[in-house]
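Peer 1: The structure follows.
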Amino acid sequence: MVKFSAKDLNIWFGQIHALKGVNIEIQANEILSVIGPSNSGKTSFLRMLNRLNDLCPGFKMGGGLEYDNADIRKLDVEVLRKKVGMVFALPLPLPLSIFENIAYGVKMHGEKNRQKISAIVERALRQAYIWEEVKDRLDVSAFKLSGGQQQRLCIARTLAVEPDVILFDEPCSGLDPISTAKIEEAMLKLKKDYTLVLVTNNVKQAARVGDRTAFFLSGELVELDKTEKIFTAPSDQRTDDYIRGKFG
Amino acid sequence: MRNTQRSQKIAFFLLFLSTLLIVLPVGLIVVIIVQKGLPAINWQFLSDIPRQGMRAGGIFPAIVGTFYLVFGAIFFALPIGLLAAVYLSEYAKDNLLNRIIKLAIINLSGVPSVVYGLFGLALFVVFLKFGASILSGSLTLGIMILPIIITTSREALESVPQSFREVSLSLGTSKWQTIRHIVLPNAIPGILTGTILGLGRAAGETAPILFTVAAFYLPRLPKSVFDQAMALPYHLYVISTQVPNVDEKVRYGTALVLLFLVLVMNLVAIIIRYNFRKKKKW
């Protein structure tokens, strides 16, 4: 089943042409890795999927982008963002307690029953493999957690509003290898129930977790294929150069 | 090497000297007012009405009047100023019109207070027929402190990291929910700073209340917002320049009470702000 489908997608930020004629389909229950050097448009592409680019001054889009066969411009943006969650590059807990961080989205969507909220918080924390580490101090400020824990907290916060797709924007860029491994493990298990899009600067990470990998360069989608294919026999010379570390 | 160290020492000395030059007058003002005013302070001075042409008795009506005026001004200016600040920082697009509005607001805080007094006289006292009253005075003071409250609140709102807004919106919350639950709570300390500044200014100004509310001599408490009232800064002006043979300690005593009142009101706001800041952890 196709989750997202972009047809000749172009976007601009003022004069800057950030994505140029991108055609891509994202399948349900896959992990799509998106790699490319900085300024390649991979984060702009990711932020298209939950329309976070709308917040940027001077943003314009052309071409088509569909979520579940519906034009994203016609969807209610709040409904879209609830369905398409996002984990940001840096761990960004809200200035609330651990519990309130997870409960925030749930409460904003109208849930008032405290028991239900508690159950959702626990489930989300378990899904993000952080429950055991925080269950005794849920009312402590989220800033007290380590970077890796904060990032898993952010994953739990995204899961709590029951999304369908989760976008990861370089989620491990500030983390140590052990925290990175824990997050990758979580992603592989989440794949069963969710569709995941992972933007990463770490080529090896893309190889480890991605079912398919897309390579972006200067706002263009250069190549999209099964991850093994991209990393063993890419069809484009530029992809080959990038994954071998010849540039970027 | 020795040259750099010497210039470093000279720079340090100059910086320290400048700071001292600022602290010194402030300290002196407080010391002189306390020294000359303290002998006048007693229960009668604080609780009695002025007697013998304001040469004796107390200043109670002026204390009460100043309280009413300050809280009236905050009551009008804080909600309006805060809402305007939210609009300007969160909703207004960055275009020429909004830039002109922002510039105009900043410039408004530089308008001399007597101009606000005349404006209040024309609009509230005469045109809206509120007469010289606490209502007119509070509104005039409120308009005077609006620019301060808007500017500081806007800065407080804009200093809340953009990433918090993005996180909140990415969870599918509406823009208003994000403002209400994430942006505003984190901007409260800064908003209170603006309120403190406005409060102090409203309590201390004489010119805006001169034509709009202040009574020269009114030996009773105001009964409604349509009554005139005495106020400390104007009372101080009157007994310093308009009434002959007022004892020096009465004048300084009045100044001391005004100073103390502003200090107490600021202290309350500072304590609230401190409690909010303790929660802020980023």
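Chain lettering (A, B, ...) mirrors the order of the structure tokens, residue numbering begins at 1 for each chain separately, and ligand numbering begins at 1 in order of display.
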Can you tell me which residues surround Ser89 (chain B) at a distance of at most 8 Å, considering only C-alpha atoms, apart from same-chain residues fewer than 6 positions away, and format the answer as an MDAnalysis selection string?
Peer 2: chainID B and resid 154 157:158
Peer 1: Print the selection's residues with N, CA and C atoms to a file, as a PDB file, in the first residue's frame.
Peer 2:
```pdb
ATOM      1  N   ARG B 154       6.263  41.176  23.851  1.00  0.00           N
ATOM      2  CA  ARG B 154       6.596  40.664  22.522  1.00  0.00           C
ATOM      3  C   ARG B 154       7.981  40.022  22.538  1.00  0.00           C
ATOM      4  N   LEU B 157       7.777  36.697  24.246  1.00  0.00           N
ATOM      5  CA  LEU B 157       7.160  35.663  23.402  1.00  0.00           C
ATOM      6  C   LEU B 157       8.130  35.213  22.317  1.00  0.00           C
ATOM      7  N   GLU B 158       8.841  36.185  21.738  1.00  0.00           N
ATOM      8  CA  GLU B 158       9.734  35.834  20.639  1.00  0.00           C
ATOM      9  C   GLU B 158      10.960  35.076  21.130  1.00  0.00           C
TER      10      GLU B 158
END
```
Peer 1: Give me, as a list in words, the residues of chain B touching chain A, with the criterion being at most 10 Å (counting only C-alpha atoms).
Peer 2: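 Per the criterion, chain B yields Lys93, Asp94, Ser163, Phe164, Arg165, Glu166, Val167, Ser168, Leu169, Ser170, Leu171, Gly172, Thr173, Ser174, Lys175, Gln177, Thr178, His181, Ile182, Pro185, Asn186, Lys279, Lys280, Lys281 and Trp282 of chain B.
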Peer 1: To one decimal in Å, tell me the separation between CA of Asn202 (chain A) and CA of Asp236 (chain A).
Peer 2: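 Between these atoms lies a distance of 19.5 Å.
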Peer 1: Within 7 Å of Pro147 (chain B), counting only C-alpha atoms, which residues show up once you throw out same-chain ones fewer than 5 positions away? Write them as an MDAnalysis selection string, please.
Peer 2: chainID B and resid 105:106 108:109
Peer 1: Just to confirm, what's the straight-line distance from CA of Ser33 (chain A) to CA of Leu9 (chain A) in Å (one decimal)?
Peer 2: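 Between CA of Ser33 (chain A) and CA of Leu9 (chain A) the gap is 18.5 Å.
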Peer 1: Find the residues near Gly14 (chain A): any atom within 10 Å, counting only C-alpha atoms, skip ones fewer than 5 places away on the same chain, and give them as a VMD selection string.
Peer 2: chain A and resid 56 to 60
Peer 1: Let's see if you can do this: from backbone DSSP, list all strand (DSSP E or B) residues in region 51-265 of chain B, as number ranges by chain.
Peer 2: B: 51, 56-57, 214, 229
Peer 1: How about saving the chosen residues, N, CA and C atoms kept, as a compact mmCIF listing (two decimals), in the first residue's frame?
Peer 2:
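So the final result, stored in selection-v9.txt, reads:
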```txt
# COMPACT_ATOMS: atom_id res chain seq x y z
N ARG B 51 -4.27 67.21 57.35
CA ARG B 51 -4.90 68.25 58.15
C ARG B 51 -4.08 69.54 58.08
N ALA B 56 -0.04 68.93 58.30
CA ALA B 56 -0.01 67.92 59.36
C ALA B 56 -0.99 66.81 58.99
N GLY B 57 -1.19 65.89 59.89
CA GLY B 57 -2.06 64.76 59.60
C GLY B 57 -1.32 63.72 58.78
N ALA B 214 -6.22 63.69 39.54
CA ALA B 214 -5.65 64.08 40.83
C ALA B 214 -6.38 65.25 41.48
N ALA B 229 -9.44 61.49 43.05
CA ALA B 229 -8.67 60.92 44.15
C ALA B 229 -7.37 61.68 44.30
```
Peer 1: Quick one: DSSP alpha helix (DSSP H) residues in region 164-271 of chain B, as an mmCIF file with N, CA and C atoms, in the first residue's frame?
Peer 2:
```
data_model
loop_
_atom_site.group_PDB
_atom_site.id
_atom_site.type_symbol
_atom_site.label_atom_id
_atom_site.label_comp_id
_atom_site.auth_asym_id
_atom_site.auth_seq_id
_atom_site.Cartn_x
_atom_site.Cartn_y
_atom_site.Cartn_z
ATOM 1 N N PHE B 164 10.194 24.722 20.143
ATOM 2 C CA PHE B 164 9.053 24.312 20.980
ATOM 3 C C PHE B 164 7.761 24.407 20.183
ATOM 4 N N ARG B 165 7.655 25.479 19.390
ATOM 5 C CA ARG B 165 6.441 25.641 18.579
ATOM 6 C C ARG B 165 6.353 24.510 17.562
ATOM 7 N N GLU B 166 7.492 24.201 16.925
ATOM 8 C CA GLU B 166 7.477 23.155 15.896
ATOM 9 C C GLU B 166 7.119 21.805 16.496
ATOM 10 N N VAL B 167 7.682 21.504 17.684
ATOM 11 C CA VAL B 167 7.366 20.240 18.331
ATOM 12 C C VAL B 167 5.877 20.159 18.603
ATOM 13 N N SER B 168 5.330 21.229 19.182
ATOM 14 C CA SER B 168 3.918 21.222 19.533
ATOM 15 C C SER B 168 3.052 21.071 18.284
ATOM 16 N N LEU B 169 3.352 21.847 17.241
ATOM 17 C CA LEU B 169 2.562 21.758 16.011
ATOM 18 C C LEU B 169 2.707 20.394 15.357
ATOM 19 N N SER B 170 3.907 19.794 15.462
ATOM 20 C CA SER B 170 4.132 18.497 14.816
ATOM 21 C C SER B 170 3.305 17.399 15.474
ATOM 22 N N LYS B 175 -2.563 26.100 16.261
ATOM 23 C CA LYS B 175 -1.674 27.213 16.563
ATOM 24 C C LYS B 175 -2.042 27.857 17.901
ATOM 25 N N TRP B 176 -3.332 28.003 18.127
ATOM 26 C CA TRP B 176 -3.758 28.635 19.379
ATOM 27 C C TRP B 176 -3.393 27.763 20.570
ATOM 28 N N GLN B 177 -3.589 26.424 20.460
ATOM 29 C CA GLN B 177 -3.198 25.526 21.563
ATOM 30 C C GLN B 177 -1.708 25.668 21.855
ATOM 31 N N THR B 178 -0.914 25.747 20.791
ATOM 32 C CA THR B 178 0.527 25.893 20.965
ATOM 33 C C THR B 178 0.855 27.185 21.708
ATOM 34 N N LEU B 184 2.942 30.865 25.768
ATOM 35 C CA LEU B 184 2.611 31.808 26.846
ATOM 36 C C LEU B 184 3.209 31.415 28.202
ATOM 37 N N PRO B 185 3.053 30.157 28.652
ATOM 38 C CA PRO B 185 3.609 29.821 29.970
ATOM 39 C C PRO B 185 5.108 30.071 30.061
ATOM 40 N N ASN B 186 5.811 29.881 28.937
ATOM 41 C CA ASN B 186 7.250 30.086 28.973
ATOM 42 C C ASN B 186 7.647 31.542 28.812
ATOM 43 N N ALA B 187 6.678 32.389 28.477
ATOM 44 C CA ALA B 187 6.989 33.806 28.315
ATOM 45 C C ALA B 187 6.594 34.615 29.548
ATOM 46 N N ILE B 188 5.951 33.960 30.531
ATOM 47 C CA ILE B 188 5.430 34.702 31.676
ATOM 48 C C ILE B 188 6.494 35.515 32.422
ATOM 49 N N PRO B 189 7.694 34.959 32.694
ATOM 50 C CA PRO B 189 8.673 35.784 33.394
ATOM 51 C C PRO B 189 8.964 37.105 32.675
ATOM 52 N N GLY B 190 9.124 37.038 31.361
ATOM 53 C CA GLY B 190 9.402 38.252 30.599
ATOM 54 C C GLY B 190 8.224 39.206 30.601
ATOM 55 N N ILE B 191 7.010 38.646 30.525
ATOM 56 C CA ILE B 191 5.817 39.484 30.543
ATOM 57 C C ILE B 191 5.712 40.201 31.886
ATOM 58 N N LEU B 192 6.038 39.470 32.965
ATOM 59 C CA LEU B 192 5.991 40.091 34.291
ATOM 60 C C LEU B 192 7.023 41.200 34.428
ATOM 61 N N THR B 193 8.176 41.030 33.791
ATOM 62 C CA THR B 193 9.166 42.102 33.818
ATOM 63 C C THR B 193 8.573 43.376 33.236
ATOM 64 N N GLY B 194 7.885 43.244 32.113
ATOM 65 C CA GLY B 194 7.239 44.401 31.504
ATOM 66 C C GLY B 194 6.200 44.997 32.415
ATOM 67 N N THR B 195 5.454 44.118 33.098
ATOM 68 C CA THR B 195 4.428 44.598 34.009
ATOM 69 C C THR B 195 5.052 45.367 35.170
ATOM 70 N N ILE B 196 6.174 44.856 35.674
ATOM 71 C CA ILE B 196 6.861 45.547 36.766
ATOM 72 C C ILE B 196 7.283 46.940 36.332
ATOM 73 N N LEU B 197 7.877 47.017 35.139
ATOM 74 C CA LEU B 197 8.312 48.330 34.638
ATOM 75 C C LEU B 197 7.114 49.269 34.510
ATOM 76 N N GLY B 198 6.017 48.756 33.972
ATOM 77 C CA GLY B 198 4.829 49.573 33.792
ATOM 78 C C GLY B 198 4.252 50.033 35.113
ATOM 79 N N LEU B 199 4.241 49.104 36.057
ATOM 80 C CA LEU B 199 3.729 49.394 37.392
ATOM 81 C C LEU B 199 4.477 50.557 38.037
ATOM 82 N N GLY B 200 5.788 50.474 38.008
ATOM 83 C CA GLY B 200 6.613 51.519 38.615
ATOM 84 C C GLY B 200 6.363 52.860 37.954
ATOM 85 N N ARG B 201 6.265 52.809 36.618
ATOM 86 C CA ARG B 201 6.060 54.060 35.889
ATOM 87 C C ARG B 201 4.692 54.649 36.231
ATOM 88 N N ALA B 202 3.655 53.808 36.271
ATOM 89 C CA ALA B 202 2.304 54.294 36.554
ATOM 90 C C ALA B 202 2.222 54.892 37.957
ATOM 91 N N ALA B 203 2.939 54.277 38.909
ATOM 92 C CA ALA B 203 2.872 54.771 40.282
ATOM 93 C C ALA B 203 3.561 56.110 40.425
ATOM 94 N N GLY B 204 4.595 56.347 39.623
ATOM 95 C CA GLY B 204 5.432 57.512 39.849
ATOM 96 C C GLY B 204 5.088 58.738 39.040
ATOM 97 N N ALA B 207 2.388 63.893 35.623
ATOM 98 C CA ALA B 207 1.740 64.631 34.537
ATOM 99 C C ALA B 207 0.458 63.972 34.010
ATOM 100 N N PRO B 208 0.442 62.649 33.807
ATOM 101 C CA PRO B 208 -0.784 62.074 33.223
ATOM 102 C C PRO B 208 -1.991 62.164 34.144
ATOM 103 N N ILE B 209 -1.761 62.241 35.459
ATOM 104 C CA ILE B 209 -2.905 62.277 36.364
ATOM 105 C C ILE B 209 -3.306 63.700 36.718
ATOM 106 N N LEU B 210 -2.421 64.638 36.343
ATOM 107 C CA LEU B 210 -2.630 66.041 36.711
ATOM 108 C C LEU B 210 -4.005 66.537 36.260
ATOM 109 N N LEU B 232 -0.085 59.944 45.384
ATOM 110 C CA LEU B 232 1.176 60.294 46.035
ATOM 111 C C LEU B 232 2.067 61.234 45.218
ATOM 112 N N PRO B 233 2.332 60.938 43.924
ATOM 113 C CA PRO B 233 3.258 61.833 43.221
ATOM 114 C C PRO B 233 2.716 63.261 43.127
ATOM 115 N N TYR B 234 1.417 63.378 42.876
ATOM 116 C CA TYR B 234 0.856 64.715 42.760
ATOM 117 C C TYR B 234 0.821 65.412 44.119
ATOM 118 N N HIS B 235 0.504 64.647 45.166
ATOM 119 C CA HIS B 235 0.504 65.199 46.517
ATOM 120 C C HIS B 235 1.895 65.720 46.875
ATOM 121 N N LEU B 236 2.904 64.954 46.481
ATOM 122 C CA LEU B 236 4.291 65.352 46.746
ATOM 123 C C LEU B 236 4.603 66.665 46.036
ATOM 124 N N TYR B 237 4.145 66.761 44.794
ATOM 125 C CA TYR B 237 4.350 67.984 44.024
ATOM 126 C C TYR B 237 3.646 69.156 44.698
ATOM 127 N N GLU B 248 9.872 69.774 56.152
ATOM 128 C CA GLU B 248 10.678 68.983 55.230
ATOM 129 C C GLU B 248 10.440 67.493 55.419
ATOM 130 N N LYS B 249 10.303 67.076 56.687
ATOM 131 C CA LYS B 249 10.169 65.635 56.921
ATOM 132 C C LYS B 249 8.848 65.087 56.386
ATOM 133 N N VAL B 250 7.820 65.925 56.279
ATOM 134 C CA VAL B 250 6.563 65.470 55.683
ATOM 135 C C VAL B 250 6.760 65.199 54.196
ATOM 136 N N ARG B 251 7.498 66.109 53.530
ATOM 137 C CA ARG B 251 7.754 65.908 52.097
ATOM 138 C C ARG B 251 8.566 64.628 51.868
ATOM 139 N N TYR B 252 9.644 64.513 52.629
ATOM 140 C CA TYR B 252 10.473 63.315 52.428
ATOM 141 C C TYR B 252 9.752 62.052 52.884
ATOM 142 N N GLY B 253 8.910 62.211 53.896
ATOM 143 C CA GLY B 253 8.121 61.060 54.341
ATOM 144 C C GLY B 253 7.197 60.574 53.235
ATOM 145 N N THR B 254 6.561 61.530 52.533
ATOM 146 C CA THR B 254 5.683 61.163 51.422
ATOM 147 C C THR B 254 6.476 60.460 50.318
ATOM 148 N N ALA B 255 7.649 61.011 50.009
ATOM 149 C CA ALA B 255 8.502 60.395 48.985
ATOM 150 C C ALA B 255 8.884 58.981 49.402
ATOM 151 N N LEU B 256 9.195 58.812 50.676
ATOM 152 C CA LEU B 256 9.601 57.499 51.184
ATOM 153 C C LEU B 256 8.458 56.497 51.025
ATOM 154 N N VAL B 257 7.238 56.934 51.341
ATOM 155 C CA VAL B 257 6.089 56.029 51.221
ATOM 156 C C VAL B 257 5.885 55.625 49.755
ATOM 157 N N LEU B 258 6.016 56.612 48.848
ATOM 158 C CA LEU B 258 5.865 56.312 47.423
ATOM 159 C C LEU B 258 6.908 55.289 46.974
ATOM 160 N N LEU B 259 8.141 55.540 47.390
ATOM 161 C CA LEU B 259 9.243 54.640 47.038
ATOM 162 C C LEU B 259 8.980 53.229 47.554
ATOM 163 N N PHE B 260 8.542 53.166 48.794
ATOM 164 C CA PHE B 260 8.295 51.884 49.450
ATOM 165 C C PHE B 260 7.159 51.128 48.753
ATOM 166 N N LEU B 261 6.131 51.903 48.387
ATOM 167 C CA LEU B 261 4.975 51.300 47.723
ATOM 168 C C LEU B 261 5.377 50.647 46.404
ATOM 169 N N VAL B 262 6.155 51.397 45.613
ATOM 170 C CA VAL B 262 6.619 50.860 44.323
ATOM 171 C C VAL B 262 7.485 49.628 44.572
ATOM 172 N N LEU B 263 8.343 49.718 45.593
ATOM 173 C CA LEU B 263 9.226 48.600 45.915
ATOM 174 C C LEU B 263 8.421 47.352 46.259
ATOM 175 N N VAL B 264 7.393 47.528 47.094
ATOM 176 C CA VAL B 264 6.595 46.372 47.511
ATOM 177 C C VAL B 264 5.877 45.752 46.316
ATOM 178 N N MET B 265 5.294 46.630 45.472
ATOM 179 C CA MET B 265 4.578 46.100 44.305
ATOM 180 C C MET B 265 5.545 45.360 43.388
ATOM 181 N N ASN B 266 6.747 45.918 43.193
ATOM 182 C CA ASN B 266 7.743 45.241 42.371
ATOM 183 C C ASN B 266 8.137 43.907 42.978
ATOM 184 N N LEU B 267 8.279 43.906 44.293
ATOM 185 C CA LEU B 267 8.714 42.696 44.992
ATOM 186 C C LEU B 267 7.728 41.557 44.761
ATOM 187 N N VAL B 268 6.441 41.909 44.832
ATOM 188 C CA VAL B 268 5.427 40.873 44.601
ATOM 189 C C VAL B 268 5.604 40.275 43.207
ATOM 190 N N ALA B 269 5.746 41.169 42.210
ATOM 191 C CA ALA B 269 5.896 40.685 40.834
ATOM 192 C C ALA B 269 7.187 39.883 40.679
ATOM 193 N N ILE B 270 8.257 40.328 41.369
ATOM 194 C CA ILE B 270 9.534 39.626 41.258
ATOM 195 C C ILE B 270 9.435 38.225 41.855
ATOM 196 N N ILE B 271 8.696 38.109 42.954
ATOM 197 C CA ILE B 271 8.546 36.781 43.571
ATOM 198 C C ILE B 271 7.770 35.853 42.650
#
```
Peer 1: CA of Arg238 (chain A) and CA of Leu221 (chain A) are how many Å apart?
Peer 2: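 Calculated distance between CA of Arg238 (chain A) and CA of Leu221 (chain A) is 11.3 Å.
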Peer 1: Can you list, as a list in words, every protein, DNA or RNA residue that comes within 9 Å of Lys102 (chain B) when you count only C-alpha atoms, leaving out same-chain residues fewer than 4 positions away?
Peer 2: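 Near Lys102 (chain B), the qualifying residues are Leu88, Leu97, Asn98, Ile106, Asn107 and Thr151 of chain B.
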Peer 1: Filtering to N, CA and C atoms, could you give me those residues as a PDB file, in the first residue's frame?
Peer 2:
```
ATOM      1  N   LEU B  88       1.143  40.428  17.526  1.00  0.00           N
ATOM      2  CA  LEU B  88       2.304  40.931  16.784  1.00  0.00           C
ATOM      3  C   LEU B  88       3.398  39.884  16.658  1.00  0.00           C
ATOM      4  N   LEU B  97       3.313  47.187   6.813  1.00  0.00           N
ATOM      5  CA  LEU B  97       2.335  47.727   7.755  1.00  0.00           C
ATOM      6  C   LEU B  97       2.673  47.310   9.188  1.00  0.00           C
ATOM      7  N   ASN B  98       2.960  46.000   9.374  1.00  0.00           N
ATOM      8  CA  ASN B  98       3.237  45.529  10.724  1.00  0.00           C
ATOM      9  C   ASN B  98       4.555  46.068  11.265  1.00  0.00           C
ATOM     10  N   ILE B 106       7.046  51.214  19.684  1.00  0.00           N
ATOM     11  CA  ILE B 106       8.310  51.510  20.370  1.00  0.00           C
ATOM     12  C   ILE B 106       8.437  53.015  20.591  1.00  0.00           C
ATOM     13  N   ASN B 107       8.072  53.795  19.562  1.00  0.00           N
ATOM     14  CA  ASN B 107       8.178  55.240  19.689  1.00  0.00           C
ATOM     15  C   ASN B 107       7.211  55.821  20.710  1.00  0.00           C
ATOM     16  N   THR B 151       5.906  45.916  24.212  1.00  0.00           N
ATOM     17  CA  THR B 151       7.268  45.665  23.730  1.00  0.00           C
ATOM     18  C   THR B 151       7.942  44.555  24.522  1.00  0.00           C
TER      19      THR B 151
END
```
Peer 1: Hey, which of A:Phe99, A:Phe4, A:Tyr194, A:Phe247 ends up closest to Glu66 (chain A)? Count only C-alpha atoms.
Peer 2: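 The closest residue to Glu66 (chain A) is A:Phe4.
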Peer 1: May I have the residues within 10 Å of Pro37 (chain A) as a PyMOL selection string, using only C-alpha atoms and disregarding those fewer than 5 positions away in the same chain?
Peer 2: chain A and resi 42+200-202+215-218+242+247-248
Peer 1: Selection from above, C-alpha atoms, as a PDB file, in the first residue's frame, can you write it?
Peer 2:
```pdb
ATOM      1  CA  LYS A  42      16.394  15.705   2.253  1.00  0.00           C
ATOM      2  CA  THR A 200      20.206  10.588   8.138  1.00  0.00           C
ATOM      3  CA  ASN A 201      23.709  11.893   7.569  1.00  0.00           C
ATOM      4  CA  ASN A 202      25.055   8.560   8.688  1.00  0.00           C
ATOM      5  CA  PHE A 215      19.686   9.448  -2.368  1.00  0.00           C
ATOM      6  CA  PHE A 216      19.129  13.197  -2.726  1.00  0.00           C
ATOM      7  CA  LEU A 217      21.594  15.639  -4.255  1.00  0.00           C
ATOM      8  CA  SER A 218      21.064  19.382  -4.816  1.00  0.00           C
ATOM      9  CA  TYR A 242      28.608   9.526  -2.064  1.00  0.00           C
ATOM     10  CA  PHE A 247      32.204  13.828  -1.383  1.00  0.00           C
ATOM     11  CA  GLY A 248      29.667  15.173   1.076  1.00  0.00           C
TER      12      GLY A 248
END
```
Peer 1: Which residues, written as an mmCIF file with N, CA and C atoms, in the first residue's frame, have at least one atom at most 8 Å from region 60-71 of chain B, with only C-alpha atoms counted and residues fewer than 6 positions away on the same chain left out?
Peer 2:
```cif
data_model
loop_
_atom_site.group_PDB
_atom_site.id
_atom_site.type_symbol
_atom_site.label_atom_id
_atom_site.label_comp_id
_atom_site.auth_asym_id
_atom_site.auth_seq_id
_atom_site.Cartn_x
_atom_site.Cartn_y
_atom_site.Cartn_z
ATOM 1 N N PHE B 45 0.594 59.149 60.297
ATOM 2 C CA PHE B 45 1.000 59.622 58.975
ATOM 3 C C PHE B 45 0.457 58.700 57.878
ATOM 4 N N LEU B 46 0.434 57.412 58.182
ATOM 5 C CA LEU B 46 0.011 56.446 57.172
ATOM 6 C C LEU B 46 -1.505 56.267 57.111
ATOM 7 N N SER B 47 -2.189 56.584 58.210
ATOM 8 C CA SER B 47 -3.602 56.203 58.263
ATOM 9 C C SER B 47 -4.558 57.389 58.365
ATOM 10 N N ASP B 48 -4.053 58.588 58.523
ATOM 11 C CA ASP B 48 -4.924 59.743 58.737
ATOM 12 C C ASP B 48 -5.071 60.545 57.445
ATOM 13 N N ILE B 49 -6.102 61.378 57.418
ATOM 14 C CA ILE B 49 -6.258 62.288 56.294
ATOM 15 C C ILE B 49 -5.369 63.508 56.532
ATOM 16 N N PRO B 50 -5.032 64.253 55.466
ATOM 17 C CA PRO B 50 -4.192 65.449 55.656
ATOM 18 C C PRO B 50 -4.956 66.510 56.452
ATOM 19 N N ILE B 134 -11.101 58.498 38.785
ATOM 20 C CA ILE B 134 -10.159 57.386 38.816
ATOM 21 C C ILE B 134 -10.180 56.639 37.484
ATOM 22 N N GLY B 137 -8.150 58.605 34.970
ATOM 23 C CA GLY B 137 -6.736 58.535 35.328
ATOM 24 C C GLY B 137 -6.149 57.172 35.038
ATOM 25 N N SER B 138 -6.884 56.119 35.405
ATOM 26 C CA SER B 138 -6.381 54.761 35.177
ATOM 27 C C SER B 138 -6.212 54.497 33.684
ATOM 28 N N LEU B 141 -3.149 56.413 32.428
ATOM 29 C CA LEU B 141 -1.919 55.720 32.837
ATOM 30 C C LEU B 141 -1.781 54.400 32.077
ATOM 31 N N LEU B 199 4.241 49.104 36.057
ATOM 32 C CA LEU B 199 3.729 49.394 37.392
ATOM 33 C C LEU B 199 4.477 50.557 38.037
ATOM 34 N N ALA B 202 3.655 53.808 36.271
ATOM 35 C CA ALA B 202 2.304 54.294 36.554
ATOM 36 C C ALA B 202 2.222 54.892 37.957
ATOM 37 N N ALA B 203 2.939 54.277 38.909
ATOM 38 C CA ALA B 203 2.872 54.771 40.282
ATOM 39 C C ALA B 203 3.561 56.110 40.425
ATOM 40 N N LEU B 218 -8.337 66.410 49.060
ATOM 41 C CA LEU B 218 -9.609 65.687 49.132
ATOM 42 C C LEU B 218 -9.566 64.793 50.375
ATOM 43 N N PRO B 219 -10.004 65.306 51.505
ATOM 44 C CA PRO B 219 -9.760 64.603 52.760
ATOM 45 C C PRO B 219 -10.717 63.447 52.999
ATOM 46 N N ARG B 220 -11.019 62.670 51.964
ATOM 47 C CA ARG B 220 -11.846 61.475 52.148
ATOM 48 C C ARG B 220 -11.444 60.473 51.067
ATOM 49 N N LEU B 221 -11.912 59.249 51.236
ATOM 50 C CA LEU B 221 -11.554 58.229 50.260
ATOM 51 C C LEU B 221 -12.529 58.260 49.100
ATOM 52 N N PRO B 222 -12.057 57.943 47.882
ATOM 53 C CA PRO B 222 -12.972 57.900 46.740
ATOM 54 C C PRO B 222 -13.992 56.782 46.921
ATOM 55 N N ALA B 229 -9.441 61.494 43.048
ATOM 56 C CA ALA B 229 -8.672 60.923 44.151
ATOM 57 C C ALA B 229 -7.368 61.684 44.302
ATOM 58 N N MET B 230 -6.802 61.612 45.482
ATOM 59 C CA MET B 230 -5.446 62.125 45.677
ATOM 60 C C MET B 230 -4.490 61.015 45.246
ATOM 61 N N ALA B 231 -3.284 61.404 44.872
ATOM 62 C CA ALA B 231 -2.284 60.401 44.508
ATOM 63 C C ALA B 231 -0.931 60.881 45.008
ATOM 64 N N LEU B 232 -0.085 59.944 45.384
ATOM 65 C CA LEU B 232 1.176 60.294 46.035
ATOM 66 C C LEU B 232 2.067 61.234 45.218
ATOM 67 N N HIS B 235 0.504 64.647 45.166
ATOM 68 C CA HIS B 235 0.504 65.199 46.517
ATOM 69 C C HIS B 235 1.895 65.720 46.875
ATOM 70 N N LEU B 258 6.016 56.612 48.848
ATOM 71 C CA LEU B 258 5.865 56.312 47.423
ATOM 72 C C LEU B 258 6.908 55.289 46.974
#
```
